[in-house]
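S.K.: Next up is a structure, given as structure tokens.
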Amino acid sequence: MAKTVILGAGFAGQYAAIVLKDALKGKGNHEVVVVCPVTKFTFIPSLIWVGVGQMDVKKTQFDLLPVYKREGISFVHGLATEIHPDERYVIVEPKDGAGKDPVRVDYDYLINATGPHLNFAATPGLGPDGGYTQSICTPDHAEHTAKKYLELVKKLEKGERASVVVGTGHGTCTCQGAAFEFIAQIHNDLKDRGLRNQVDLKWISNEPQLGDFGIDGFETKMMMGSILFTANDMAEALYTEYNIQVQLRSHVSSVDEKFIHTEDVEGNINKIPYDFAMLIPQFKGKAIRYLDKDGNDLAGKLLNPAGFMKVDAVYGKPYPELDGPDWPKTYQNPLYKNMFAVGIAFAPPGPASKPMSTPSGAVVCPAPPRTGYTAELTAKAAALNIVDMIEGREISHTASMAETPGMCIASLKGSITSGSGCTIGIYPIVRDRKRYPEGNGRDMNATTLDMGLAGAWIKKGLHHAFLYKLSAKPMWKYMP
Ligand SMILES: Cc1cc2nc3c(=O)[nH]c(=O)nc-3n(C[C@H](O)[C@H](O)[C@H](O)COP(=O)(O)OP(=O)(O)OC[C@H]3O[C@@H](n4cnc5c(N)ncnc54)[C@H](O)[C@@H]3O)c2cc1C
């Protein structure tokens, strides 16, 4: 009997758990255990609507425990704080009772799917907990953001003017796509309320250019022709139409009660006044200690400098030399072969977008996104590789970001009657310049962009489809 412990129940951990349990059916008495500090799954992409008060957070969630009971998956309600890979156990701080002692959970195989640590502390004054800005990265944050946003709306209704700033709160942020969706929701919500003219709306980002999204943008052929249309064209057109001021290539050095302090790569130092700001924090790996059998810290061997777990990528190459084959495929840790990291928890080999820095030395470089669909694909590969190992085979399942498609529906407005969204399909997610020299690293026949009401429908459809699939309802495994 083999015991697999999965840390986390987000897109990656939850999908890994149900795929692995399903794949092991009828193959012996193998155990799948999920360790997680929360008992609900949250469909994070819909928090963009929660943050403007258009969706109740409960509609983005389902309870994990009934799913685990039905599927025969064990659950430990707690936070993993230590991993001991030599002795194959995890230390978990229990969540279901104050004052309980940490518990030891042994494993044969481990999947780290703990997602990002939201590192607000990297930018003094950033974030809702002790800082001045809002966030939509967690359910609590999004609910708090909605409260603050609706307070702002009340002031605008009394005739006041306001400055609203949205974007990235550190030079090394990822998730520009989520911030882009959020600024679009704000624009359209204020427009529908007849308040848009009272607001100066500003976008601050660490991207080299608009539409970079941490994946070095994308290009697509216009329908029925060979005219190139880029993500940059799309974003510029939208920001112009929405009358959003733009500041790019910027690091946010600090935030105080009245101003956002930025420095850009050209050396411009700005003090941006704001009344409401939603800025994404830097992402780091979770604060989990990795200890060998003698108690020595393994972080230097197992983690990248940002604290994400190294897997089968080629690490250490400078940006101009990085190409598709350097991206991980199996998500297996090279030192401890029974350990995998998936979703946001794995360490990418480097950035997918051009790295820059400010004259004072702050790094300005979008980190590569590991989106929900990617998180699932990486989780599935790891889960099936564990099945290979349990059955004594070489691991055979891969999901490289240089060999898998990116599917992104960027919501501009959620309504299914008057809404809009950008439907983006790219292949592969990160450029493979040797394989696709003509498309600058992408297959131009498989990279598409469409904008309009259909995008709003698809986005809502995905909300329901993902919640259905991840709660392992009938036929879930036939859903892509
Ligand atoms: C506002 C927003 C909008 C987004 N929109 C989109 C979108 O439209 N499309 C898209 O594809 N992606 C989108 N993303 C990205 C998407 O949410 C992430 O790619 C996805 O959540 C990553 O999944 P994950 O499982 O790796 O991490 P997470 O979803 O962060 O899950 C991590 C899990 O680990 C648990 N955990 C944390 N620490 C520990 C610990 N120490 N021990 C055990 N468990 C732990 C957490 O409780 C959680 O259950 C968006 C992100 C944001 C913030």
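So you can find residues: chains in the structure tokens are A, B, ... in the order shown, residues in each start at 1, and ligands are numbered from 1 in order.
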Let me have all residues with an atom within 6 Å of ligand 1, counting only C-alpha atoms and all ligand atoms, laid out as a ChimeraX atom specification.
M.R.: /A:7-13,35-38,44-45,47-48,79-81,113-116,136-137,178,343-345,370-373,375,408
S.K.: So which bits of range 110-222 of chain A end up strand (DSSP E) when you DSSP the backbone, as a count of residues only?
M.R.: 22
S.K.: What gap, in Å, lies between CA of Leu335 in chain A and CA of Lys301 in chain A?
M.R.: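 Those two atoms sit 8.4 Å apart.
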S.K.: Which polymer residues have any atom within 12 Å of an atom of Val103 in chain A, counting only C-alpha atoms, with same-chain residues fewer than 2 positions away left out, as a list in words?
M.R.: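 Listed by chain and then number, they are Val35, Val76, His77, Gly78, Leu79, Ala80, Thr81, Glu82, Tyr89, Val90, Ile91, Val92, Glu93, Pro94, Lys95, Asp96, Lys100, Asp101, Val105 and Asp106 of chain A.
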S.K.: Would you save the residues of that selection, restricted to C-alpha atoms, as a compact mmCIF listing (two decimals), in the first residue's frame?
M.R.:
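Final file, selection-v3.txt:
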# COMPACT_ATOMS: atom_id res chain seq x y z
CA VAL A 35 -3.45 18.44 4.08
CA VAL A 76 -5.88 16.59 7.63
CA HIS A 77 -7.12 20.05 8.55
CA GLY A 78 -3.90 21.95 9.08
CA LEU A 79 -0.94 23.87 7.75
CA ALA A 80 2.19 21.99 6.68
CA THR A 81 5.12 23.67 8.41
CA GLU A 82 7.97 21.18 7.88
CA TYR A 89 7.05 12.88 6.81
CA VAL A 90 5.38 16.26 7.07
CA ILE A 91 4.73 18.24 10.25
CA VAL A 92 1.28 19.78 10.29
CA GLU A 93 -0.01 22.51 12.58
CA PRO A 94 -3.66 21.56 13.21
CA LYS A 95 -6.36 24.09 12.40
CA ASP A 96 -9.29 22.33 14.02
CA LYS A 100 -3.36 21.14 19.72
CA ASP A 101 0.14 19.75 19.23
CA VAL A 105 1.92 12.78 8.67
CA ASP A 106 4.03 10.08 6.99
S.K.: Write down as a list in words the residues of range 203-354 of chain A whose backbone DSSP state falls under alpha helix (DSSP H).
M.R.: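 So the alpha helix (DSSP H) residues in range 203-354 of chain A would be Ala231, Asn232, Asp233, Met234, Ala235, Glu236, Ala237, Leu238, Tyr239, Thr240, Glu241, Ala299, Gly300, Lys301 and Leu302 of chain A.
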S.K.: If you keep N, CA and C atoms, can you produce a file of those selected residues as an mmCIF file, in the first residue's frame?
M.R.:
data_model
loop_
_atom_site.group_PDB
_atom_site.id
_atom_site.type_symbol
_atom_site.label_atom_id
_atom_site.label_comp_id
_atom_site.auth_asym_id
_atom_site.auth_seq_id
_atom_site.Cartn_x
_atom_site.Cartn_y
_atom_site.Cartn_z
ATOM 1 N N ALA A 231 -1.105 41.161 -28.306
ATOM 2 C CA ALA A 231 -1.732 41.428 -27.006
ATOM 3 C C ALA A 231 -1.548 42.900 -26.659
ATOM 4 N N ASN A 232 -0.427 43.461 -27.091
ATOM 5 C CA ASN A 232 -0.170 44.875 -26.841
ATOM 6 C C ASN A 232 -1.195 45.753 -27.567
ATOM 7 N N ASP A 233 -1.504 45.400 -28.836
ATOM 8 C CA ASP A 233 -2.540 46.144 -29.580
ATOM 9 C C ASP A 233 -3.870 46.098 -28.824
ATOM 10 N N MET A 234 -4.228 44.872 -28.378
ATOM 11 C CA MET A 234 -5.512 44.690 -27.690
ATOM 12 C C MET A 234 -5.566 45.555 -26.425
ATOM 13 N N ALA A 235 -4.502 45.464 -25.615
ATOM 14 C CA ALA A 235 -4.513 46.181 -24.337
ATOM 15 C C ALA A 235 -4.490 47.693 -24.575
ATOM 16 N N GLU A 236 -3.689 48.145 -25.538
ATOM 17 C CA GLU A 236 -3.638 49.596 -25.795
ATOM 18 C C GLU A 236 -4.999 50.115 -26.240
ATOM 19 N N ALA A 237 -5.659 49.351 -27.122
ATOM 20 C CA ALA A 237 -6.977 49.788 -27.597
ATOM 21 C C ALA A 237 -7.964 49.882 -26.428
ATOM 22 N N LEU A 238 -7.913 48.877 -25.548
ATOM 23 C CA LEU A 238 -8.865 48.872 -24.424
ATOM 24 C C LEU A 238 -8.594 50.004 -23.427
ATOM 25 N N TYR A 239 -7.324 50.187 -23.091
ATOM 26 C CA TYR A 239 -6.993 51.226 -22.107
ATOM 27 C C TYR A 239 -7.329 52.608 -22.672
ATOM 28 N N THR A 240 -7.179 52.776 -23.998
ATOM 29 C CA THR A 240 -7.538 54.054 -24.610
ATOM 30 C C THR A 240 -9.060 54.226 -24.551
ATOM 31 N N GLU A 241 -9.774 53.178 -24.962
ATOM 32 C CA GLU A 241 -11.249 53.262 -24.943
ATOM 33 C C GLU A 241 -11.761 53.518 -23.525
ATOM 34 N N ALA A 299 16.700 24.106 2.274
ATOM 35 C CA ALA A 299 16.127 25.124 1.378
ATOM 36 C C ALA A 299 17.066 25.445 0.212
ATOM 37 N N GLY A 300 18.353 25.561 0.501
ATOM 38 C CA GLY A 300 19.328 25.918 -0.544
ATOM 39 C C GLY A 300 19.359 24.895 -1.675
ATOM 40 N N LYS A 301 19.092 23.639 -1.345
ATOM 41 C CA LYS A 301 19.147 22.578 -2.366
ATOM 42 C C LYS A 301 17.796 22.402 -3.066
ATOM 43 N N LEU A 302 16.726 22.609 -2.325
ATOM 44 C CA LEU A 302 15.404 22.241 -2.862
ATOM 45 C C LEU A 302 14.594 23.405 -3.411
#
